[in-house]
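Student: Contents are mmCIF, C-alpha atoms; file name data34.cif:
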data_my_file
loop_
_atom_site.label_atom_id
_atom_site.label_comp_id
_atom_site.auth_asym_id
_atom_site.auth_seq_id
_atom_site.Cartn_x
_atom_site.Cartn_y
_atom_site.Cartn_z
CA MET V 216 42.77 -18.82 20.67
CA GLY V 217 42.05 -17.69 24.23
CA LEU V 218 45.58 -18.76 25.29
CA ILE V 219 47.32 -17.12 22.35
CA SER V 220 45.59 -13.71 22.47
CA PRO V 221 47.08 -12.59 25.84
CA VAL V 222 50.54 -13.05 24.31
CA ILE V 223 49.98 -11.88 20.73
CA ILE V 224 48.03 -8.70 21.45
CA PRO V 225 50.59 -7.16 23.88
CA ALA V 226 53.40 -8.22 21.52
CA LEU V 227 51.73 -6.45 18.60
CA VAL V 228 51.15 -3.31 20.68
CA LEU V 229 54.76 -3.23 21.91
CA GLY V 230 56.05 -3.92 18.40
CA GLY V 231 54.05 -0.98 17.07
CA LEU V 232 55.33 1.30 19.84
CA PHE V 233 58.97 0.36 19.22
CA TYR V 234 58.52 0.82 15.47
CA ASP V 235 57.06 4.27 16.09
CA PHE V 236 59.89 5.09 18.53
CA PHE V 237 62.62 4.46 15.95
CA ASN V 238 60.79 5.80 12.89
CA SER V 239 58.97 8.91 14.14
CA GLU V 240 60.05 12.17 12.50
CA LEU V 241 61.14 15.00 14.80
CA PRO V 242 61.43 18.69 13.89
CA PRO V 243 65.00 20.04 13.71
CA GLY V 244 66.60 21.79 16.66
CA ILE V 245 65.25 19.53 19.44
CA ASP V 246 67.57 19.62 22.50
CA GLN V 247 66.58 16.21 23.91
CA PRO V 248 65.30 14.07 21.03
CA LEU V 249 65.32 10.78 23.02
CA LYS V 250 62.94 12.18 25.65
CA LEU V 251 60.64 13.51 22.96
CA ARG V 252 60.71 10.17 21.12
CA PHE V 253 59.87 8.34 24.35
CA PHE V 254 56.96 10.66 25.16
CA HIS V 255 55.67 10.50 21.60
CA SER V 256 55.92 6.73 21.20
CA PHE V 257 55.13 5.34 24.65
CA ASP V 258 52.71 8.00 25.85
CA LEU V 259 51.10 9.75 22.91
CA SER V 260 50.98 6.72 20.59
CA LEU V 261 49.68 4.42 23.33
CA LEU V 262 46.92 6.89 24.19
CA ARG V 263 45.98 7.12 20.52
CA VAL V 264 45.73 3.34 20.25
CA MET V 265 43.60 3.17 23.39
CA LEU V 266 41.28 5.94 22.21
CA ASP V 267 40.75 4.18 18.87
CA GLY V 268 39.10 1.38 20.83
CA ILE V 269 37.87 -1.91 19.39
CA PRO V 270 36.62 -1.64 15.78
CA PRO V 271 32.86 -2.20 15.50
CA TRP V 272 31.33 -5.03 13.47
CA ARG V 273 30.34 -4.51 9.87
CA ASP V 274 27.04 -2.66 9.60
CA SER V 275 24.55 -4.20 7.16
CA LYS V 276 22.52 -0.98 7.00
CA LEU V 277 25.37 1.28 5.81
CA LEU V 278 27.61 1.56 2.78
CA ILE V 279 31.01 2.67 4.13
CA LYS V 280 33.68 3.93 1.75
CA ASP V 281 37.22 5.24 2.37
CA VAL V 282 38.50 7.98 0.04
CA LYS V 283 41.28 10.58 0.01
CA ALA V 284 41.08 14.29 -0.81
CA ASP V 285 44.53 15.83 -1.36
CA GLU V 286 45.98 13.06 0.84
CA VAL V 287 43.38 13.75 3.56
CA PRO V 288 41.50 10.53 4.45
CA LEU V 289 37.71 10.60 4.60
CA ARG V 290 35.25 7.87 5.48
CA ILE V 291 31.84 8.21 3.85
CA TYR V 292 28.79 6.62 5.50
CA GLN V 293 25.69 6.17 3.32
CA PRO V 294 22.43 4.46 4.33
CA LYS V 295 21.75 1.46 2.09
CA TRP V 296 17.98 1.86 1.93
CA PRO V 297 16.69 3.77 -1.12
CA PRO V 298 16.20 7.50 -0.45
CA THR V 299 12.93 9.27 -1.21
CA GLY V 300 15.01 12.21 -2.51
CA LYS V 301 18.48 13.61 -2.11
CA ARG V 302 19.88 13.22 1.38
CA ARG V 303 21.38 15.64 3.86
CA GLY V 304 25.20 15.79 3.85
CA ILE V 305 27.10 16.05 7.14
CA LEU V 306 30.82 16.83 7.36
CA TYR V 307 32.17 15.67 10.73
CA PHE V 308 35.49 16.81 12.26
CA HIS V 309 36.40 14.71 15.30
CA GLY V 310 37.70 16.05 18.60
CA GLY V 311 40.91 15.34 20.49
CA ALA V 312 42.71 18.69 20.90
CA GLY V 313 44.21 18.29 17.44
CA THR V 314 46.52 15.65 18.93
CA PHE V 315 44.29 12.62 19.56
CA GLY V 316 41.34 11.04 17.84
CA SER V 317 40.86 9.50 14.43
CA ILE V 318 38.21 8.29 12.02
CA ARG V 319 38.33 4.90 13.79
CA ALA V 320 37.85 6.41 17.25
CA PHE V 321 34.61 8.14 16.17
CA GLU V 322 33.33 5.34 13.93
CA ARG V 323 30.33 4.49 16.10
CA ILE V 324 29.22 8.12 16.38
CA CYS V 325 29.28 8.65 12.61
CA ARG V 326 27.42 5.38 11.98
CA TYR V 327 24.75 6.41 14.47
CA ILE V 328 24.32 9.85 12.87
CA ALA V 329 24.10 8.41 9.35
CA LYS V 330 21.38 5.93 10.33
CA LYS V 331 19.35 8.08 12.72
CA CYS V 332 19.40 11.16 10.48
CA ASN V 333 19.14 9.27 7.17
CA SER V 334 22.14 11.32 6.03
CA VAL V 335 25.45 10.93 4.23
CA VAL V 336 28.22 11.51 6.77
CA ALA V 337 31.81 12.34 5.79
CA SER V 338 34.23 11.83 8.68
CA VAL V 339 37.53 13.67 8.18
CA GLY V 340 40.87 12.23 9.31
CA TYR V 341 42.88 15.43 9.50
CA ARG V 342 46.57 15.28 10.40
CA LEU V 343 47.49 15.43 14.08
CA ALA V 344 49.99 17.48 16.07
CA PRO V 345 52.81 17.45 17.04
CA GLU V 346 53.86 15.63 13.84
CA HIS V 347 51.83 18.11 11.82
CA PRO V 348 51.69 21.47 13.64
CA TYR V 349 49.06 24.21 13.39
CA PRO V 350 47.52 25.28 11.03
CA GLY V 351 47.73 22.03 9.04
CA GLN V 352 44.50 20.71 10.57
CA TYR V 353 42.52 23.65 9.17
CA PHE V 354 43.94 23.10 5.67
CA ASP V 355 42.98 19.42 5.80
CA CYS V 356 39.43 20.25 6.90
CA LEU V 357 39.09 22.82 4.13
CA ASN V 358 40.39 20.37 1.50
CA ALA V 359 37.95 17.73 2.75
CA THR V 360 35.08 20.24 2.57
CA LEU V 361 36.01 21.15 -1.01
CA TYR V 362 36.13 17.49 -2.00
CA PHE V 363 32.75 16.72 -0.46
CA MET V 364 31.08 19.73 -2.07
CA ARG V 365 32.51 18.81 -5.47
CA ASN V 366 31.11 15.29 -5.22
CA LEU V 367 27.61 15.84 -3.85
CA GLU V 368 26.06 14.32 -6.96
CA GLU V 369 28.01 11.08 -6.51
CA TYR V 370 26.73 10.72 -2.94
CA HIS V 371 23.17 11.90 -3.78
CA VAL V 372 23.37 14.87 -1.40
CA ASP V 373 21.18 17.95 -1.65
CA PRO V 374 23.43 21.07 -2.06
CA ALA V 375 20.96 23.03 0.09
CA LEU V 376 21.29 20.57 2.99
CA ILE V 377 24.97 20.52 3.97
CA ILE V 378 25.94 20.56 7.65
CA ILE V 379 29.49 21.26 8.87
CA SER V 380 29.89 19.78 12.34
CA GLY V 381 32.42 18.62 14.91
CA ASP V 382 33.06 18.12 18.59
CA SER V 383 35.63 19.71 20.88
CA CYS V 384 38.46 21.06 18.69
CA GLY V 385 36.57 19.61 15.72
CA ALA V 386 33.83 22.15 16.47
CA ASN V 387 36.49 24.85 16.27
CA PHE V 388 37.57 23.58 12.84
CA ALA V 389 33.92 23.41 11.75
CA THR V 390 33.33 27.01 12.88
CA VAL V 391 36.33 28.32 10.94
CA ILE V 392 35.38 26.39 7.79
CA TRP V 393 31.79 27.63 8.15
CA LEU V 394 33.04 31.24 8.38
CA VAL V 395 35.13 30.73 5.23
CA CYS V 396 32.10 29.27 3.44
CA THR V 397 29.84 32.09 4.67
CA LYS V 398 32.27 34.72 3.43
CA THR V 399 32.40 32.89 0.12
CA PHE V 400 28.59 32.82 -0.20
CA LYS V 401 28.54 36.59 0.27
CA ARG V 402 31.21 37.07 -2.40
CA LYS V 403 29.83 34.61 -4.96
CA ALA V 404 28.45 35.87 -8.24
CA SER V 405 24.68 36.20 -8.44
CA VAL V 406 22.98 33.54 -10.54
CA PRO V 407 19.63 34.93 -11.77
CA GLY V 408 17.08 32.16 -11.51
CA GLY V 409 19.94 29.70 -11.08
CA SER V 410 19.64 26.25 -9.58
CA SER V 411 21.39 25.03 -6.46
CA LYS V 412 23.89 23.24 -8.69
CA LEU V 413 24.85 26.47 -10.50
CA GLU V 414 25.12 28.30 -7.20
CA LEU V 415 27.32 25.53 -5.84
CA VAL V 416 29.69 25.85 -8.83
CA CYS V 417 30.05 29.57 -8.10
CA VAL V 418 30.71 28.84 -4.42
CA LEU V 419 33.37 26.25 -5.23
CA LEU V 420 35.15 28.64 -7.60
CA CYS V 421 35.14 31.32 -4.91
CA LEU V 422 36.29 28.83 -2.27
CA GLU V 423 39.30 27.91 -4.38
CA SER V 424 40.39 31.57 -4.52
CA GLU V 425 39.39 32.15 -0.89
CA LYS V 426 41.64 29.24 0.13
CA GLN V 427 44.78 31.31 -0.52
CA HIS V 428 43.49 34.20 1.66
CA PHE V 429 42.58 31.63 4.33
CA ILE V 430 46.14 30.27 4.32
CA LEU V 431 47.66 33.75 4.57
CA GLU V 432 45.33 34.69 7.46
CA LEU V 433 46.25 31.57 9.44
CA ASP V 434 49.97 32.05 8.83
CA SER V 435 49.90 35.69 9.94
#
Can you present the structure in this file as structure tokens?
Tutor:
Amino acid sequence: MGLISPVIIPALVLGGLFYDFFNSELPPGIDQPLKLRFFHSFDLSLLRVMLDGIPPWRDSKLLIKDVKADEVPLRIYQPKWPPTGKRRGILYFHGGAGTFGSIRAFERICRYIAKKCNSVVASVGYRLAPEHPYPGQYFDCLNATLYFMRNLEEYHVDPALIIISGDSCGANFATVIWLVCTKTFKRKASVPGGSSKLELVCVLLCLESEKQHFILELDS
């Protein structure tokens, strides 16, 4: 195995790069498509592979589940030990200038947060530029937030304990989503004596309508 790995691993990496070179989609009107393909495949793609790093071993203390929300991948991390009550929910948007990074690259961070904070962590794999230009990343983060808030009961998360977080550009996405949510909380209908669940339903309904204003604001 030690003799085969030095040959197989570089071959797999090169094969992936060549596949990406010939199959990557470019926007119309590019003057020098070959140069862009070369940069994208042999520079950008290689950096992405390197940043993903080596996948960690399976964690016996966490239940890890991959889901999709409107084609946006999420990875949910839940502690396996029985909770004393409903847990805190943490949405996590990774960094990387909107061009690098992935759920895999930030796997260890999300595992650490889930275990140390005894929380349910949802890591969002938003689409990356330049294949998916601005403001697609914001839409993906908003769709992921809507999915998570709709499914708090499934993940045993307290509606009053939801954290929207991120690092680097992910912190920017988190700030914008938080502002959208804050505006929605101010607009939501009052629920006299209502529970957190009823309030959450009102917020989700407002978020759905707010989503269209959000899209128009980003496009303008």
Student: Kindly indicate which residue among V:Tyr362, V:Tyr327, V:Tyr370, V:Phe308 lies nearest to Val391 in chain V, using all atoms listed in the file for the distances.
Tutor: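 Answer, going by the shortest atom-to-atom distance: V:Phe308.
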Student: Can you work out which one of V:Cys332, V:Val339, V:Ala312, V:Ala375 has the shortest atom-to-atom distance to Asn387 in chain V, counting only C-alpha atoms?
Tutor: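 Using only C-alpha atoms, Asn387 in chain V sits closest to V:Ala312.
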Student: Between CA of Pro297 in chain V and CA of Gly381 in chain V, measure the distance and give it in Å to one decimal.
Tutor: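 One can read the CA of Pro297 in chain V to CA of Gly381 in chain V distance as 26.9 Å.
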Student: What is the CA of Ala344 in chain V to CA of Gly313 in chain V distance in Å?
Tutor: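 Separation of CA of Ala344 in chain V and CA of Gly313 in chain V: 6.0 Å.
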Student: Quick one: residues within 12 Å of Asp281 in chain V, only C-alpha atoms, excluding same-chain residues fewer than 4 positions away - as a ChimeraX atom specification?
Tutor: /V:286-293,318-319,336-340
Student: Quote the spacing between CA of Glu368 in chain V and CA of Thr397 in chain V in Å to one decimal place.
Tutor: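 Those two atoms sit 21.6 Å apart.
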Student: Pick the closest to Met364 in chain V from V:Val395, V:Lys331, V:Ile377, V:Trp296: which is it, counting all atoms listed in the file?
Tutor: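 Counting all atoms listed in the file, the residue closest to Met364 in chain V is V:Ile377.
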Student: Using the chain letters and numbering of this document, enumerate as number ranges by chain the residues selected by the PyMOL selection byres ((chain V and resi 356) around 10).
Tutor: V: 284, 287, 306-308, 339-342, 351-355, 357-362, 385, 388-389, 391-392
Student: Using all atoms listed in the file, which residues sit within 12 Å of Pro298 in chain V once same-chain residues fewer than 4 positions away are excluded, as a ChimeraX atom specification?
Tutor: /V:293-294,302-303,332-335,370-373
Student: I'd like the neighbourhood of Asp267 in chain V as a PyMOL selection string, where a residue qualifies if any of its atoms comes within 12 Å (using all atoms listed in the file), though same-chain residues fewer than 6 positions away should be ignored.
Tutor: chain V and resi 260-261+309+311+315-323
Student: Restricting it to C-alpha atoms, dump the selection as a PDB file, keeping the file's coordinate frame.
Tutor:
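Saved the output as out.pdb:
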ATOM      1  CA  SER V 260      50.980   6.720  20.590  1.00  0.00           C
ATOM      2  CA  LEU V 261      49.680   4.420  23.330  1.00  0.00           C
ATOM      3  CA  HIS V 309      36.400  14.710  15.300  1.00  0.00           C
ATOM      4  CA  GLY V 311      40.910  15.340  20.490  1.00  0.00           C
ATOM      5  CA  PHE V 315      44.290  12.620  19.560  1.00  0.00           C
ATOM      6  CA  GLY V 316      41.340  11.040  17.840  1.00  0.00           C
ATOM      7  CA  SER V 317      40.860   9.500  14.430  1.00  0.00           C
ATOM      8  CA  ILE V 318      38.210   8.290  12.020  1.00  0.00           C
ATOM      9  CA  ARG V 319      38.330   4.900  13.790  1.00  0.00           C
ATOM     10  CA  ALA V 320      37.850   6.410  17.250  1.00  0.00           C
ATOM     11  CA  PHE V 321      34.610   8.140  16.170  1.00  0.00           C
ATOM     12  CA  GLU V 322      33.330   5.340  13.930  1.00  0.00           C
ATOM     13  CA  ARG V 323      30.330   4.490  16.100  1.00  0.00           C
TER      14      ARG V 323
END
Student: Counting all atoms listed in the file, figure out which residue out of V:Trp393, V:Tyr349, V:Trp272, V:Phe363 gets nearest to Arg326 in chain V.
Tutor: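 Counting all atoms listed in the file, the residue closest to Arg326 in chain V is V:Trp272.
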